[in-house]
Amino acid sequence: MTRWHVVVAVAVWASAVMVQPHVTAQTQTESARAHQGVEFATSDNCLACHNGLISSNGEDVSIGVAWRASMMANSSRDPYWQASVRRETLDHPSHADAIQDECAICHMPMARAAAHASGGRGRVFSLAPGGRGDSDEHRLAADGVSCTLCHQIGPERLGTRESFVGGFTLAPRTPDGLRIFGPYDIERGLKRTMHSATDATPEKADHLRQSEVCATCHTLYTEAFGPKGEVIGSLPEQMPYLEWRHSAFAREKTCQSCLARHTFLGGNFFMLRMLNRFRASLGVTAPAPELDAAARATLRQLESDTAGIAITRTSVAAGRLEAEVEVRNLTGHKLPTGYPSRRVWVHLSVRDASGAVVFESGAVDAQGRIAGNDNDADPKRVEPHYDEIRGGDQVQIYEAVIAGRDGAVTTGLLTATQYVKDNRLLPRGFDKVKADPDIAVHGEAAQDASFTAEGDRLRYNVPVKGSGPFSIEAELRYQPISFRWADNLRGYKAAEPQRFVSYYDAMAAASSTVLVRATAVLR
């Protein structure tokens, strides 16, 4: 078995992990005593016993199979993440090393902790899987968010501001070996067996069932830099935990409720397929059928547990059709949540008696662009939030749009200081009036009385030609990486952005999917 001993602080956070070199008992200082050795093992050491698990009804419930085809296991291989990190280092060259270090906190956490233990910083590009190198550090980086990372997170400070941006606490090694936390009380004989084989002792720990564990890497704040490298502000970049905490779901379900059996499905079917298609150059090790199954399972979850849509109050008179569309978020956070490249929108089409399309809003083309979207057509513009749509050049897009201190729209996280639009669908129980500024609604939706935690009620009053009966179809579509966020990387002449753009161009036609669909006939 291969292990790496690293020395990390009991408190590990954000842009500065507090570490000390290993200190002997004879030379320990008072400040150094807070730091203990933490040992990581790569996932292959765990999979030997945690794969090959078959339920009584014959279902494969292997932990390793579920994990290794997830975005967690492939966090360091994600070509969009790599391209985005490179973009930020080119935009802010004086902070290039610090940017790599901070971006490695949650995408290459074990390699980053090892680097800090030796007095260095986290690196992204020199350790990215698919390149050259087979050192211990490369293997830790390739393992992404791995077993012995998450299962050594302790309960200290969970749910506090200090725990966010990768501010998890790692349990120190004890004289008896590693402490590995889990949600179950393991029988003594199995504990002895695990300790004998791995030098690790499992401990029952209720905090592994709490959303606050997930919040450490899924609650992210970023600093914004000015033209001279000065800090000019910050951005609440990803807030799913705080969105959940402000919703009714905080009293009903945890994050883990939706991530049973280490499936970690999330919503990024597009990246799972990209990893599979370009597996050789990205250093993907999960078998192709497992990645395909993970993508299909992600789509099934998106289609069954994510949103609702209905068409109500239809009428037609004097060449104009009126309809009301109601959309609803079924998840425990905003929809979409997380990284602001994601968007959801209403695609509505009307057909006449012959089947010809007589009105359409929100069609998507083979490049992943939404027809009528101002931002896809012009990176400086923003498609507004609508209470009523009156023409095909208007489309309701639920999204977060960020801007710099000057108000200019951007897709550069470390340039952004504000949201000029955030009308993402709210979870049940979310009070938009009382919401903290970090999770607030921004733009026209803040004043839209029909945009609430119960959903969004959108009116269509549009011109139609032809004769009825008219068939109306409303789809709620989802795109994990929107056209603008991908296309803005095109101008960066570096390997990672150019590689990702080439992948995106090859797959853009399949970059979005239908979450839910509703139909109605108006006679």
# chains A, B, ... in the order shown; residues from 1 in each chain; ligands from 1
$ residues_around --residues "Ile153 of chain A" --least-positions-apart "5" --cutoff "9 Å" --atoms "only C-alpha atoms" --output "ChimeraX atom specification"
/A:148,168-171,180-181,208,213
$ select_by_dssp --residues "segment 251-352 of chain A" --states "strand (DSSP E)" --output "ChimeraX atom specification"
/A:307-317,320-329,343-351
$ closest_residue --among "A:His207, A:Ala453, A:Ala363, A:Glu444" --to "Glu383 of chain A" --atoms "only C-alpha atoms"
A:Glu444
$ select_by_dssp --residues "segment 136-270 of chain A" --states "alpha helix (DSSP H)" --output "PyMOL selection string"
chain A and resi 136-142+147-150+188-198+211-218+240-245+269-270
$ write_last_selection --atoms "N, CA, C and O atoms" --output "short mmCIF file (atom, residue, chain, number, x, y, z; two decimals), in the first residue's frame"
data_model
loop_
_atom_site.label_atom_id
_atom_site.label_comp_id
_atom_site.auth_asym_id
_atom_site.auth_seq_id
_atom_site.Cartn_x
_atom_site.Cartn_y
_atom_site.Cartn_z
N ASP A 136 4.49 10.83 -6.44
CA ASP A 136 3.46 10.74 -5.41
C ASP A 136 2.49 11.92 -5.51
O ASP A 136 1.28 11.75 -5.37
N GLU A 137 3.05 13.12 -5.75
CA GLU A 137 2.22 14.31 -5.83
C GLU A 137 1.27 14.25 -7.02
O GLU A 137 0.10 14.65 -6.93
N HIS A 138 1.76 13.71 -8.15
CA HIS A 138 0.89 13.55 -9.32
C HIS A 138 -0.26 12.60 -9.01
O HIS A 138 -1.41 12.84 -9.41
N ARG A 139 0.03 11.51 -8.30
CA ARG A 139 -1.02 10.54 -8.00
C ARG A 139 -2.06 11.12 -7.03
O ARG A 139 -3.25 10.84 -7.15
N LEU A 140 -1.59 11.91 -6.06
CA LEU A 140 -2.53 12.56 -5.16
C LEU A 140 -3.42 13.54 -5.92
O LEU A 140 -4.63 13.62 -5.68
N ALA A 141 -2.83 14.29 -6.85
CA ALA A 141 -3.61 15.25 -7.64
C ALA A 141 -4.63 14.53 -8.50
O ALA A 141 -5.79 14.96 -8.61
N ALA A 142 -4.22 13.43 -9.13
CA ALA A 142 -5.11 12.71 -10.04
C ALA A 142 -6.30 12.11 -9.31
O ALA A 142 -7.35 11.86 -9.91
N CYS A 147 -11.24 9.45 -1.21
CA CYS A 147 -11.82 8.83 -0.02
C CYS A 147 -11.21 9.37 1.26
O CYS A 147 -11.92 9.81 2.18
N THR A 148 -9.87 9.30 1.37
CA THR A 148 -9.26 9.65 2.64
C THR A 148 -9.16 11.15 2.86
O THR A 148 -8.71 11.57 3.92
N LEU A 149 -9.58 11.93 1.88
CA LEU A 149 -9.73 13.38 2.11
C LEU A 149 -11.04 13.62 2.86
O LEU A 149 -11.06 14.12 3.98
N CYS A 150 -12.14 13.24 2.25
CA CYS A 150 -13.45 13.53 2.85
C CYS A 150 -13.65 12.81 4.18
O CYS A 150 -14.26 13.36 5.11
N ARG A 188 -16.54 -4.48 15.86
CA ARG A 188 -15.16 -4.46 16.33
C ARG A 188 -14.23 -5.32 15.47
O ARG A 188 -13.11 -4.93 15.16
N GLY A 189 -14.70 -6.47 15.06
CA GLY A 189 -13.86 -7.34 14.25
C GLY A 189 -13.48 -6.70 12.92
O GLY A 189 -12.34 -6.81 12.46
N LEU A 190 -14.44 -6.02 12.30
CA LEU A 190 -14.15 -5.34 11.04
C LEU A 190 -13.22 -4.16 11.25
O LEU A 190 -12.39 -3.85 10.39
N LYS A 191 -13.35 -3.50 12.41
CA LYS A 191 -12.41 -2.41 12.71
C LYS A 191 -10.98 -2.94 12.77
O LYS A 191 -10.05 -2.34 12.24
N ARG A 192 -10.81 -4.11 13.43
CA ARG A 192 -9.47 -4.69 13.54
C ARG A 192 -8.94 -5.08 12.17
O ARG A 192 -7.77 -4.89 11.87
N THR A 193 -9.82 -5.62 11.35
CA THR A 193 -9.40 -6.02 10.01
C THR A 193 -8.95 -4.81 9.20
O THR A 193 -7.90 -4.84 8.53
N MET A 194 -9.72 -3.72 9.26
CA MET A 194 -9.36 -2.52 8.51
C MET A 194 -8.06 -1.92 9.03
O MET A 194 -7.20 -1.50 8.25
N HIS A 195 -7.91 -1.91 10.35
CA HIS A 195 -6.68 -1.34 10.91
C HIS A 195 -5.48 -2.19 10.53
O HIS A 195 -4.40 -1.66 10.21
N SER A 196 -5.64 -3.50 10.54
CA SER A 196 -4.54 -4.38 10.18
C SER A 196 -4.12 -4.20 8.73
O SER A 196 -2.93 -4.22 8.39
N ALA A 197 -5.11 -3.98 7.84
CA ALA A 197 -4.82 -3.86 6.42
C ALA A 197 -4.37 -2.48 6.00
O ALA A 197 -3.57 -2.32 5.06
N THR A 198 -4.85 -1.44 6.71
CA THR A 198 -4.62 -0.07 6.22
C THR A 198 -4.02 0.86 7.27
O THR A 198 -3.73 2.02 6.95
N SER A 211 -24.94 18.54 6.06
CA SER A 211 -24.66 19.38 4.89
C SER A 211 -23.43 20.25 5.09
O SER A 211 -22.77 20.63 4.12
N GLU A 212 -23.11 20.56 6.33
CA GLU A 212 -21.97 21.43 6.62
C GLU A 212 -20.65 20.84 6.13
O GLU A 212 -19.69 21.58 5.87
N VAL A 213 -20.55 19.52 6.01
CA VAL A 213 -19.34 18.91 5.44
C VAL A 213 -19.21 19.30 3.98
O VAL A 213 -18.14 19.71 3.52
N CYS A 214 -20.30 19.19 3.23
CA CYS A 214 -20.28 19.55 1.81
C CYS A 214 -20.05 21.04 1.62
O CYS A 214 -19.44 21.47 0.63
N ALA A 215 -20.52 21.81 2.60
CA ALA A 215 -20.43 23.27 2.48
C ALA A 215 -19.00 23.77 2.43
O ALA A 215 -18.74 24.85 1.90
N THR A 216 -18.05 23.00 2.96
CA THR A 216 -16.67 23.49 3.01
C THR A 216 -16.13 23.82 1.63
O THR A 216 -15.41 24.81 1.45
N CYS A 217 -16.45 22.99 0.64
CA CYS A 217 -15.97 23.25 -0.72
C CYS A 217 -17.05 23.75 -1.66
O CYS A 217 -16.76 24.10 -2.81
N HIS A 218 -18.29 23.76 -1.21
CA HIS A 218 -19.38 24.23 -2.06
C HIS A 218 -19.96 25.55 -1.57
O HIS A 218 -21.09 25.90 -1.93
N PRO A 240 -24.60 27.22 -2.66
CA PRO A 240 -25.69 26.25 -2.48
C PRO A 240 -26.02 25.95 -1.03
O PRO A 240 -27.18 25.75 -0.68
N TYR A 241 -25.00 25.92 -0.17
CA TYR A 241 -25.26 25.62 1.25
C TYR A 241 -26.08 26.73 1.89
O TYR A 241 -27.06 26.47 2.60
N LEU A 242 -25.69 27.99 1.66
CA LEU A 242 -26.44 29.10 2.25
C LEU A 242 -27.83 29.21 1.65
O LEU A 242 -28.78 29.62 2.34
N GLU A 243 -27.99 28.87 0.38
CA GLU A 243 -29.32 28.84 -0.24
C GLU A 243 -30.18 27.78 0.44
O GLU A 243 -31.36 28.01 0.75
N TRP A 244 -29.59 26.60 0.66
CA TRP A 244 -30.30 25.50 1.33
C TRP A 244 -30.68 25.91 2.75
O TRP A 244 -31.81 25.66 3.19
N ARG A 245 -29.76 26.55 3.46
CA ARG A 245 -30.02 26.92 4.85
C ARG A 245 -31.15 27.93 4.97
O ARG A 245 -31.83 27.99 6.00
N PHE A 269 -24.02 16.50 -16.43
CA PHE A 269 -23.99 15.42 -17.41
C PHE A 269 -23.06 15.74 -18.57
O PHE A 269 -22.41 14.85 -19.14
N PHE A 270 -22.98 17.02 -18.93
CA PHE A 270 -22.19 17.45 -20.09
C PHE A 270 -20.70 17.18 -19.87
O PHE A 270 -20.01 16.65 -20.74
#
$ atom_distance --atom1 "atom CA of Asn74 of chain A" --atom2 "atom CA of Gly332 of chain A"
24.5 Å
$ residues_around --residues "Arg251 of chain A" --least-positions-apart "2" --cutoff "12 Å" --atoms "only C-alpha atoms" --output "list in words"
Gln210, Ser211, Trp244, Arg245, His246, Ser247, Ala248, Phe249, Lys253, Thr254, Cys255, Gly332, Arg428 and Gly429 of chain A
$ atom_distance --atom1 "atom CA of Asp487 of chain A" --atom2 "atom CA of Leu515 of chain A"
23.9 Å
$ residues_around --residues "Thr314 of chain A" --least-positions-apart "5" --cutoff "12 Å" --atoms "only C-alpha atoms" --output "list in words"
Arg320, Leu321, Glu322, Ala323, Glu324, Val325, Val350, Arg459, Tyr460, Asn461, Val462, Pro469, Phe470, Ser471, Ile472, Thr519, Ala520, Val521, Leu522 and Arg523 of chain A
